[in-house]
$ cat final.txt   # compact mmCIF, C-alpha atoms
# COMPACT_ATOMS: atom_id res chain seq x y z
CA ASP L 173 0.00 0.00 0.00
CA THR L 174 2.86 2.38 0.69
CA GLN L 175 4.32 1.75 -2.79
CA LEU L 176 0.89 2.27 -4.35
CA GLY L 177 0.61 5.53 -2.44
CA VAL L 178 3.98 6.65 -3.81
CA LEU L 179 2.86 5.88 -7.38
CA GLY L 180 -0.55 7.46 -6.91
CA GLY L 181 0.56 10.72 -5.34
CA LEU L 182 4.19 11.48 -4.58
CA SER L 183 5.55 10.50 -8.01
CA PHE L 184 3.01 12.78 -9.69
CA ALA L 185 3.27 15.68 -7.25
CA LEU L 186 7.08 15.66 -7.10
CA LEU L 187 7.72 17.62 -10.30
CA TYR L 188 4.12 18.75 -10.83
CA CYS L 189 4.49 21.13 -7.89
CA THR L 190 7.98 22.37 -8.75
CA CYS L 191 7.35 22.81 -12.49
CA ALA L 192 3.96 24.50 -12.12
CA VAL L 193 5.42 27.76 -10.77
CA PRO L 194 7.94 28.53 -13.57
CA VAL L 195 5.36 27.46 -16.18
CA ALA L 196 2.85 29.86 -14.58
CA VAL L 197 5.37 32.72 -14.67
CA TRP L 198 5.75 31.94 -18.38
CA ALA L 199 1.95 31.90 -18.78
CA ASP L 200 1.68 35.36 -17.20
CA ARG L 201 3.88 36.65 -20.01
CA GLY L 202 3.42 34.28 -22.98
CA ARG L 203 0.66 32.66 -25.03
CA ARG L 204 -1.37 30.51 -22.66
CA VAL L 205 -3.17 28.39 -25.28
CA THR L 206 0.20 27.18 -26.60
CA ILE L 207 1.32 26.22 -23.10
CA VAL L 208 -1.86 24.26 -22.31
CA THR L 209 -1.75 22.44 -25.67
CA GLY L 210 1.88 21.42 -25.18
CA ALA L 211 1.12 20.27 -21.64
CA LEU L 212 -1.75 18.07 -22.85
CA ALA L 213 0.46 16.41 -25.47
CA LEU L 214 3.28 15.85 -22.95
CA TRP L 215 1.23 14.28 -20.16
CA SER L 216 -0.64 12.11 -22.67
CA ALA L 217 2.63 10.77 -24.08
CA PHE L 218 3.91 9.89 -20.61
CA THR L 219 0.57 8.27 -19.74
CA ALA L 220 0.99 5.96 -22.74
CA LEU L 221 4.59 5.23 -21.68
CA CYS L 222 3.31 4.02 -18.29
CA GLY L 223 1.92 1.04 -20.20
CA ALA L 224 5.45 0.10 -21.31
CA ALA L 225 7.04 0.22 -17.83
CA GLY L 226 8.89 -2.94 -16.82
CA ASN L 227 9.34 -2.33 -13.08
CA PHE L 228 8.43 -0.02 -10.19
CA VAL L 229 11.21 2.52 -10.92
CA GLN L 230 10.23 2.88 -14.60
CA LEU L 231 6.56 3.27 -13.71
CA PHE L 232 7.53 5.85 -11.06
CA LEU L 233 9.52 7.89 -13.62
CA CYS L 234 6.68 7.77 -16.16
CA ARG L 235 4.30 9.07 -13.49
CA VAL L 236 6.78 11.88 -12.79
CA GLY L 237 6.59 12.73 -16.51
CA VAL L 238 2.79 12.88 -16.32
CA GLY L 239 3.15 15.37 -13.46
CA VAL L 240 5.57 17.53 -15.46
CA GLY L 241 3.04 17.68 -18.30
CA GLU L 242 0.05 18.48 -16.14
CA ALA L 243 2.02 21.28 -14.44
CA GLY L 244 1.28 23.38 -17.51
CA ALA L 245 -2.48 22.92 -17.42
CA VAL L 246 -4.24 24.38 -14.40
CA ALA L 247 -2.69 27.81 -13.75
CA PRO L 248 -2.71 28.96 -17.42
CA SER L 249 -6.29 27.70 -17.77
CA TYR L 250 -7.43 29.69 -14.71
CA SER L 251 -5.81 32.76 -16.22
CA LEU L 252 -7.58 32.19 -19.55
CA ILE L 253 -10.97 31.80 -17.86
CA ALA L 254 -10.46 35.02 -15.88
CA ASP L 255 -10.05 36.86 -19.21
CA TYR L 256 -13.10 35.20 -20.76
CA PHE L 257 -15.56 35.89 -17.89
CA PRO L 258 -16.23 38.87 -15.55
CA PRO L 259 -15.67 38.44 -11.79
CA HIS L 260 -19.33 37.73 -10.91
CA GLN L 261 -19.37 34.73 -13.32
CA ARG L 262 -15.97 33.21 -12.66
CA ALA L 263 -16.94 30.69 -9.98
CA ARG L 264 -19.58 29.20 -12.31
CA ALA L 265 -17.17 29.27 -15.26
CA LEU L 266 -14.53 27.48 -13.18
CA SER L 267 -17.12 24.94 -12.04
CA ILE L 268 -17.72 24.03 -15.72
CA PHE L 269 -13.96 23.81 -16.25
CA HIS L 270 -13.59 21.57 -13.20
CA LEU L 271 -16.19 19.15 -14.58
CA GLY L 272 -13.28 17.76 -16.59
CA LEU L 273 -12.01 16.13 -13.39
CA PRO L 274 -15.07 14.03 -12.45
CA VAL L 275 -16.11 13.35 -16.05
CA GLY L 276 -12.60 12.35 -17.10
CA SER L 277 -12.00 10.36 -13.91
CA ALA L 278 -15.30 8.53 -14.27
CA LEU L 279 -14.57 7.63 -17.90
CA GLY L 280 -11.04 6.60 -16.96
CA LEU L 281 -12.29 4.36 -14.15
CA LEU L 282 -15.11 2.85 -16.19
CA LEU L 283 -13.38 2.33 -19.54
CA GLY L 284 -9.99 1.73 -17.93
CA GLY L 285 -11.51 -0.97 -15.72
CA TYR L 286 -13.01 -2.77 -18.72
CA VAL L 287 -9.85 -2.46 -20.83
CA ALA L 288 -7.69 -3.67 -17.93
CA ALA L 289 -10.04 -6.59 -17.24
CA TYR L 290 -10.04 -7.83 -20.87
CA TRP L 291 -6.69 -6.67 -22.31
CA GLY L 292 -4.54 -5.92 -19.24
CA TRP L 293 -3.50 -2.80 -17.36
CA ARG L 294 -0.88 -1.83 -19.96
CA ALA L 295 -3.54 -1.45 -22.64
CA ALA L 296 -5.54 0.87 -20.33
CA PHE L 297 -2.58 3.30 -20.12
CA LEU L 298 -2.02 3.17 -23.89
CA VAL L 299 -5.68 3.93 -24.67
CA ALA L 300 -5.81 6.83 -22.20
CA GLY L 301 -2.61 8.36 -23.58
CA ALA L 302 -3.78 8.03 -27.20
CA CYS L 303 -7.03 9.89 -26.42
CA GLY L 304 -5.10 12.86 -25.04
CA LEU L 305 -2.71 12.99 -27.99
CA MET L 306 -5.65 13.06 -30.41
CA PHE L 307 -7.26 15.94 -28.49
CA ALA L 308 -4.20 18.22 -28.44
CA PRO L 309 -4.63 19.55 -32.02
CA VAL L 310 -8.35 20.12 -31.35
CA LEU L 311 -7.43 22.38 -28.42
CA TRP L 312 -4.83 24.24 -30.50
CA PHE L 313 -7.19 25.04 -33.39
CA THR L 314 -10.38 25.84 -31.44
CA ILE L 315 -9.30 27.98 -28.45
CA SER L 316 -8.34 31.61 -29.09
CA GLU L 317 -6.05 33.66 -26.84
CA PRO L 318 -8.13 36.42 -25.14
CA VAL L 319 -6.85 39.90 -24.33
CA ARG L 320 -5.05 39.77 -20.99
CA GLY L 321 -6.91 41.67 -18.26
CA SER L 322 -10.10 42.02 -20.33
CA PHE L 323 -12.31 42.61 -17.29
CA ASP L 324 -9.79 44.40 -15.06
CA SER L 325 -9.76 48.08 -14.32
CA ARG L 326 -7.59 50.14 -16.65
CA ARG L 327 -5.00 50.61 -13.92
CA ALA L 328 -4.72 46.88 -13.12
CA ALA L 329 -4.67 45.85 -16.75
CA SER L 330 -1.82 48.22 -17.60
CA GLY L 331 0.36 47.30 -14.64
CA GLY L 332 3.13 45.76 -16.78
CA LYS L 333 4.69 42.33 -16.49
CA ALA L 334 5.19 40.95 -12.99
CA GLY L 335 8.16 38.79 -12.01
CA PHE L 336 8.18 35.91 -9.57
CA ARG L 337 9.56 38.09 -6.77
CA ASP L 338 6.77 40.58 -7.35
CA VAL L 339 4.18 37.83 -6.89
CA ILE L 340 5.86 36.48 -3.76
CA GLY L 341 5.94 39.99 -2.30
CA HIS L 342 2.28 40.45 -3.24
CA VAL L 343 0.94 37.25 -1.60
CA SER L 344 3.23 37.52 1.43
CA THR L 345 1.12 40.44 2.67
CA ARG L 346 -2.16 38.53 2.21
CA PRO L 347 -2.85 36.03 5.03
CA SER L 348 -6.01 34.94 3.20
CA PHE L 349 -3.85 33.36 0.48
CA TRP L 350 -1.92 31.21 2.94
CA LEU L 351 -5.00 30.20 4.91
CA ILE L 352 -6.79 29.20 1.69
CA SER L 353 -3.74 27.26 0.49
CA PHE L 354 -3.24 25.23 3.65
CA ALA L 355 -6.99 24.67 4.07
CA GLY L 356 -7.07 23.36 0.50
CA GLY L 357 -4.01 21.19 1.11
CA THR L 358 -5.53 19.67 4.25
CA GLY L 359 -8.81 19.02 2.48
CA GLY L 360 -6.85 17.75 -0.54
CA VAL L 361 -5.42 14.92 1.58
CA MET L 362 -8.99 13.67 1.97
CA LEU L 363 -10.09 14.46 -1.60
CA TYR L 364 -7.15 12.79 -3.32
CA GLY L 365 -6.57 10.14 -0.66
CA TYR L 366 -10.17 8.96 -0.64
CA GLY L 367 -10.39 9.15 -4.42
CA PHE L 368 -7.30 6.99 -4.82
CA TRP L 369 -8.10 4.40 -2.14
CA LEU L 370 -11.87 4.07 -2.58
CA PRO L 371 -11.59 1.32 -5.27
CA ALA L 372 -9.30 -0.75 -3.01
CA PHE L 373 -11.70 -0.22 -0.09
CA PHE L 374 -14.67 -1.61 -2.05
CA GLN L 375 -12.65 -4.59 -3.25
CA ARG L 376 -11.26 -5.47 0.18
CA SER L 377 -14.16 -4.61 2.48
CA HIS L 378 -17.10 -5.41 0.18
CA GLY L 379 -15.55 -8.11 -2.03
CA LEU L 380 -16.25 -6.45 -5.41
CA SER L 381 -14.52 -7.52 -8.62
CA LEU L 382 -12.43 -5.18 -10.78
CA THR L 383 -15.24 -4.43 -13.25
CA GLU L 384 -17.83 -4.02 -10.46
CA THR L 385 -15.51 -1.64 -8.65
CA SER L 386 -14.84 0.41 -11.80
CA GLN L 387 -18.58 0.80 -12.44
CA LEU L 388 -19.39 1.75 -8.87
CA VAL L 389 -16.52 4.18 -8.27
CA ALA L 390 -17.01 5.76 -11.71
CA GLY L 391 -20.62 6.49 -10.74
CA ILE L 392 -19.56 7.97 -7.38
CA VAL L 393 -16.89 10.18 -8.95
CA PHE L 394 -19.19 11.35 -11.75
CA VAL L 395 -22.27 12.16 -9.65
CA SER L 396 -20.40 13.70 -6.71
CA GLY L 397 -18.03 15.65 -8.94
CA VAL L 398 -20.66 17.10 -11.27
CA ALA L 399 -23.10 17.93 -8.47
CA GLY L 400 -20.40 19.31 -6.17
CA ASN L 401 -18.73 21.46 -8.82
CA LEU L 402 -21.94 22.98 -10.17
CA LEU L 403 -23.32 23.61 -6.68
CA GLY L 404 -20.03 25.13 -5.54
CA GLY L 405 -19.83 27.42 -8.57
CA TRP L 406 -23.42 28.60 -8.14
CA LEU L 407 -23.06 29.18 -4.39
CA GLY L 408 -19.70 30.89 -4.87
CA ASP L 409 -21.09 33.47 -7.32
CA LYS L 410 -24.40 33.87 -5.47
CA LEU L 411 -23.01 34.30 -1.96
CA GLY L 412 -19.67 35.79 -2.98
CA ALA L 413 -21.45 38.75 -4.56
CA LEU L 414 -22.87 39.54 -1.13
CA ARG L 415 -19.93 38.57 1.09
CA LYS L 416 -16.42 37.88 -0.21
CA GLY L 417 -15.85 35.62 2.77
CA ALA L 418 -18.43 33.20 1.34
CA TYR L 419 -15.85 31.96 -1.17
CA ALA L 420 -14.15 30.24 1.79
CA TYR L 421 -17.21 29.62 3.97
CA VAL L 422 -18.76 27.33 1.33
CA PRO L 423 -15.95 24.70 1.48
CA ALA L 424 -15.75 25.09 5.28
CA VAL L 425 -19.38 23.97 5.61
CA GLY L 426 -18.77 21.20 3.08
CA ALA L 427 -15.91 19.77 5.17
CA LEU L 428 -18.05 19.74 8.33
CA ILE L 429 -20.87 17.91 6.52
CA ALA L 430 -18.44 15.39 5.03
CA LEU L 431 -17.10 14.09 8.36
CA PRO L 432 -20.19 12.32 9.80
CA LEU L 433 -21.28 11.01 6.40
CA THR L 434 -17.83 9.52 5.73
CA SER L 435 -17.74 7.86 9.15
CA LEU L 436 -21.16 6.28 8.63
CA GLY L 437 -20.39 5.17 5.08
CA LEU L 438 -17.13 3.45 5.99
CA PHE L 439 -18.84 1.16 8.51
CA GLU L 440 -22.11 0.51 6.68
CA GLN L 441 -22.21 -3.15 5.61
CA ASP L 442 -25.06 -2.75 3.13
CA LEU L 443 -23.37 -1.65 -0.08
CA TRP L 444 -26.39 0.30 -1.40
CA ILE L 445 -26.54 2.37 1.77
CA ALA L 446 -22.75 2.81 1.97
CA VAL L 447 -22.47 4.16 -1.58
CA PRO L 448 -24.73 7.23 -1.09
CA LEU L 449 -23.07 7.93 2.26
CA LEU L 450 -19.60 7.88 0.65
CA LEU L 451 -20.81 9.77 -2.41
CA ALA L 452 -21.97 12.73 -0.31
CA PRO L 453 -18.55 13.50 1.26
CA GLN L 454 -16.91 13.58 -2.16
CA ALA L 455 -19.66 15.94 -3.33
CA CYS L 456 -19.06 18.13 -0.26
CA ALA L 457 -15.33 18.29 -1.00
CA MET L 458 -15.70 19.33 -4.66
CA PRO L 459 -17.42 22.72 -4.02
CA ALA L 460 -14.10 24.03 -2.71
CA THR L 461 -12.48 24.11 -6.16
CA SER L 462 -14.60 26.72 -7.96
CA PRO L 463 -15.19 29.30 -5.16
CA ILE L 464 -11.53 29.11 -4.11
CA GLY L 465 -10.45 29.45 -7.74
CA ALA L 466 -12.58 32.58 -8.03
CA ALA L 467 -11.21 33.97 -4.75
CA LEU L 468 -7.64 33.51 -6.00
CA GLN L 469 -8.44 35.53 -9.13
CA HIS L 470 -9.46 38.43 -6.87
CA LEU L 471 -6.18 38.41 -4.95
CA GLY L 472 -4.05 39.91 -7.70
CA PRO L 473 -3.99 41.66 -11.10
CA SER L 474 -4.07 39.84 -14.45
CA THR L 475 -0.27 39.95 -14.73
CA MET L 476 0.02 37.76 -11.61
CA ARG L 477 -2.99 35.44 -11.76
CA ALA L 478 -1.38 32.33 -13.24
CA THR L 479 1.53 32.51 -10.81
CA ILE L 480 -0.76 33.05 -7.79
CA VAL L 481 -2.77 29.97 -8.81
CA ALA L 482 0.44 27.99 -9.32
CA LEU L 483 1.68 28.90 -5.82
CA TYR L 484 -1.67 27.76 -4.42
CA MET L 485 -1.51 24.54 -6.46
CA PHE L 486 2.06 23.97 -5.24
CA ILE L 487 0.89 23.90 -1.62
CA PHE L 488 -2.41 22.15 -2.41
CA ASN L 489 -0.90 19.33 -4.47
CA LEU L 490 2.26 18.84 -2.43
CA THR L 491 0.13 18.46 0.69
CA GLY L 492 -3.00 16.84 -0.70
CA LEU L 493 -1.72 14.71 -3.56
CA GLY L 494 1.92 14.26 -2.55
CA ILE L 495 1.15 13.33 1.06
CA GLY L 496 -2.48 12.15 0.95
CA THR L 497 -2.16 8.88 -0.95
CA ILE L 498 1.09 7.79 0.68
CA LEU L 499 -0.13 8.81 4.16
CA LEU L 500 -3.26 6.67 3.88
CA GLY L 501 -1.25 3.80 2.39
CA SER L 502 1.30 3.94 5.20
CA ILE L 503 -1.39 4.06 7.90
CA SER L 504 -3.13 1.12 6.21
CA ASP L 505 0.11 -0.91 6.30
CA MET L 506 0.61 0.08 9.95
CA PHE L 507 -2.92 -1.07 10.87
CA THR L 508 -2.70 -4.37 8.96
CA GLY L 509 -1.37 -6.28 11.97
CA MET L 510 -4.41 -5.26 14.04
CA PHE L 511 -7.23 -5.18 11.46
CA GLY L 512 -6.07 -7.36 8.55
CA ASP L 513 -8.01 -6.64 5.34
CA GLU L 514 -10.03 -3.99 7.19
CA ALA L 515 -6.94 -1.85 7.85
CA LEU L 516 -7.78 0.52 5.00
CA ARG L 517 -11.23 1.21 6.49
CA TYR L 518 -9.66 2.40 9.78
CA ALA L 519 -6.95 4.38 7.99
CA LEU L 520 -9.63 6.33 6.09
CA LEU L 521 -11.60 6.91 9.30
CA CYS L 522 -8.65 8.20 11.36
CA THR L 523 -7.46 10.70 8.76
CA GLY L 524 -11.00 11.99 8.18
CA CYS L 525 -11.68 12.59 11.86
CA ILE L 526 -8.55 14.74 12.16
CA LEU L 527 -8.26 16.54 8.83
CA TYR L 528 -11.86 17.50 8.00
CA PRO L 529 -12.20 19.73 11.12
CA VAL L 530 -8.74 21.27 10.55
CA SER L 531 -9.62 22.11 6.94
CA ALA L 532 -12.96 23.63 7.98
CA LEU L 533 -11.28 25.82 10.62
CA LEU L 534 -8.66 27.14 8.17
CA TYR L 535 -11.32 27.89 5.54
CA PHE L 536 -13.39 29.76 8.14
CA LEU L 537 -10.39 31.90 9.15
CA ALA L 538 -9.67 32.57 5.46
CA GLY L 539 -13.27 33.70 4.98
CA GLN L 540 -12.91 36.20 7.80
CA ARG L 541 -9.75 37.58 6.18
CA LEU L 542 -11.41 37.88 2.77
CA GLN L 543 -14.34 39.72 4.31
CA ARG L 544 -12.06 42.06 6.25
CA ARG L 545 -10.03 42.80 3.11
CA ARG L 546 -13.19 43.77 1.27
CA ARG L 547 -14.14 46.23 4.02
CA ASP L 548 -10.62 47.69 4.03
CA HIS L 549 -10.76 48.28 0.26
CA ARG L 550 -14.30 49.63 0.13
CA PRO L 551 -14.23 53.24 -1.12
CA ARG L 552 -15.03 55.73 1.58
CA ARG L 553 -17.50 58.52 1.08
CA PRO L 554 -15.91 61.98 1.24
CA ARG L 555 -16.84 64.01 4.28
CA ALA L 556 -19.27 66.83 3.69
CA ARG L 557 -17.57 70.19 3.89
CA PRO L 558 -19.08 72.83 6.19
CA PRO L 559 -20.84 75.63 4.35
CA SER L 560 -18.60 78.55 3.59
CA HIS L 561 -19.46 81.98 5.01
CA PRO L 562 -18.98 85.24 3.16
CA ALA L 563 -16.12 87.38 4.43
$ encode --input "final.txt" --output "structure tokens"
Amino acid sequence: DTQLGVLGGLSFALLYCTCAVPVAVWADRGRRVTIVTGALALWSAFTALCGAAGNFVQLFLCRVGVGVGEAGAVAPSYSLIADYFPPHQRARALSIFHLGLPVGSALGLLLGGYVAAYWGWRAAFLVAGACGLMFAPVLWFTISEPVRGSFDSRRAASGGKAGFRDVIGHVSTRPSFWLISFAGGTGGVMLYGYGFWLPAFFQRSHGLSLTETSQLVAGIVFVSGVAGNLLGGWLGDKLGALRKGAYAYVPAVGALIALPLTSLGLFEQDLWIAVPLLLAPQACAMPATSPIGAALQHLGPSTMRATIVALYMFIFNLTGLGIGTILLGSISDMFTGMFGDEALRYALLCTGCILYPVSALLYFLAGQRLQRRRRDHRPRRPRARPPSHPA
């Protein structure tokens, strides 16, 4: 389980996190559509190469290559969306963008499970990589590069190019950025960790086959991801227009709801009751992505947006993806002597009981900071001058 955790998270996050920042600095200055297209082609090629790996080290290195490719996707895409949509629509726009995660994951689990069952796991990697390589030219020819800072004020849009040091200096004075980042990273341990280990949990604790597991988990990922993303985007725009702190309060509430439902679902023996209970926590975790993405776009001008997102993704993925899968795998191995095949169930429970409340607290504190920052930047009405008297 520890080795699986390394392959599932650390190998991907290792260079994903470190490469995302310089690529984002490039995206704040260069053509973002070109960067995203190249990233898609690169990670798809390395995905296909995973199917040719002959041992653990080769598979690890191919997964590192996938992370390098995907490092060029998220931050430039956020920056593009911010120039396509005005601030009051960005959370919903990002929620549509984030549908790629549950839809793609569900298709990967469902089709990958069937391909692996009939033609082997190597064929599943080759098919997934080929699909991405075919889509790269479609992206290149159909997406146009928008004007940078289209919806910014004239002053913000004409601020010139920002360097990495400028961005670091900018976010260092904004506690809301760091609270959001570490709240997302803590919640990401649960989001990525549960997503990675849920198939193994159903196979070990409920005795499902590979194809049954792929069907069931694909349904959970699809329904929870689509519902959670769309709900989060709608709530983010609706409540964020009234209170900027709502961008962080929405995922805080989601984390608090997820804890009891996860605990009940892990110990429910009836599969058809356990599935809805485990589906709900995943749906509660997904609303964090779109409101937080919109909040990050408000923390800096257009010349810094991609780099700000990349810094957030660095913390989020290094904590959530890099640590989440391997942490749960290590705890599962540690519990095996006491619980046997049920060790994974208790590993999922222990991490959830600790990390969901911590994530909710950090999001709540971030919401207070966002709200306070809005009040501090609200234009003040000029004082009325006393009437002048004739000499």
$ residues_around --input "final.txt" --residues "Val240 in chain L" --least-positions-apart "6" --cutoff "7 Å" --atoms "all atoms listed in the file" --output "ChimeraX atom specification"
/L:187-188,191
$ write_last_selection --input "final.txt" --atoms "C-alpha atoms" --output "PDB file, keeping the file's coordinate frame"
ATOM      1  CA  LEU L 187       7.720  17.620 -10.300  1.00  0.00           C
ATOM      2  CA  TYR L 188       4.120  18.750 -10.830  1.00  0.00           C
ATOM      3  CA  CYS L 191       7.350  22.810 -12.490  1.00  0.00           C
TER       4      CYS L 191
END
$ atom_distance --input "final.txt" --atom1 "CA of Ala263 in chain L" --atom2 "CA of His470 in chain L"
11.2 Å
$ atom_distance --input "final.txt" --atom1 "CA of Leu380 in chain L" --atom2 "CA of Ala302 in chain L"
29.0 Å
$ residues_near_point --input "final.txt" --point "(-5.8, 8.4, 7.7)" --cutoff "10 Å" --atoms "only C-alpha atoms" --output "ChimeraX atom specification"
/L:361-362,365-366,496-504,516-527
$ write_last_selection --input "final.txt" --atoms "C-alpha atoms" --output "short mmCIF file (atom, residue, chain, number, x, y, z; two decimals), keeping the file's coordinate frame"
data_model
loop_
_atom_site.label_atom_id
_atom_site.label_comp_id
_atom_site.auth_asym_id
_atom_site.auth_seq_id
_atom_site.Cartn_x
_atom_site.Cartn_y
_atom_site.Cartn_z
CA VAL L 361 -5.42 14.92 1.58
CA MET L 362 -8.99 13.67 1.97
CA GLY L 365 -6.57 10.14 -0.66
CA TYR L 366 -10.17 8.96 -0.64
CA GLY L 496 -2.48 12.15 0.95
CA THR L 497 -2.16 8.88 -0.95
CA ILE L 498 1.09 7.79 0.68
CA LEU L 499 -0.13 8.81 4.16
CA LEU L 500 -3.26 6.67 3.88
CA GLY L 501 -1.25 3.80 2.39
CA SER L 502 1.30 3.94 5.20
CA ILE L 503 -1.39 4.06 7.90
CA SER L 504 -3.13 1.12 6.21
CA LEU L 516 -7.78 0.52 5.00
CA ARG L 517 -11.23 1.21 6.49
CA TYR L 518 -9.66 2.40 9.78
CA ALA L 519 -6.95 4.38 7.99
CA LEU L 520 -9.63 6.33 6.09
CA LEU L 521 -11.60 6.91 9.30
CA CYS L 522 -8.65 8.20 11.36
CA THR L 523 -7.46 10.70 8.76
CA GLY L 524 -11.00 11.99 8.18
CA CYS L 525 -11.68 12.59 11.86
CA ILE L 526 -8.55 14.74 12.16
CA LEU L 527 -8.26 16.54 8.83
#
$ closest_residue --input "final.txt" --among "L:Leu431, L:Leu305, L:Leu266, L:Leu468" --to "Arg346 in chain L" --atoms "all atoms listed in the file"
L:Leu468
$ closest_residue --input "final.txt" --among "L:Leu471, L:Leu311, L:Ala288, L:Ile352" --to "Met485 in chain L" --atoms "all atoms listed in the file"
L:Ile352
$ atom_distance --input "final.txt" --atom1 "CA of Gly239 in chain L" --atom2 "CA of Gly356 in chain L"
19.1 Å
$ residues_around --input "final.txt" --residues "Gly241 in chain L" --least-positions-apart "4" --cutoff "7 Å" --atoms "all atoms listed in the file" --output "ChimeraX atom specification"
/L:211-212,214-215,237
$ axis_aligned_box --input "final.txt" --around "range 297-305 of chain L" --padding-each-side "5 Å" --output "JSON"
{"center_x": -4.5, "center_y": 8.1, "center_z": -24.1, "size_x": 15.0, "size_y": 19.8, "size_z": 17.9}
$ closest_residue --input "final.txt" --among "L:Asn489, L:Ser251, L:Thr174, L:Ser322" --to "Ser353 in chain L" --atoms "all atoms listed in the file"
L:Asn489
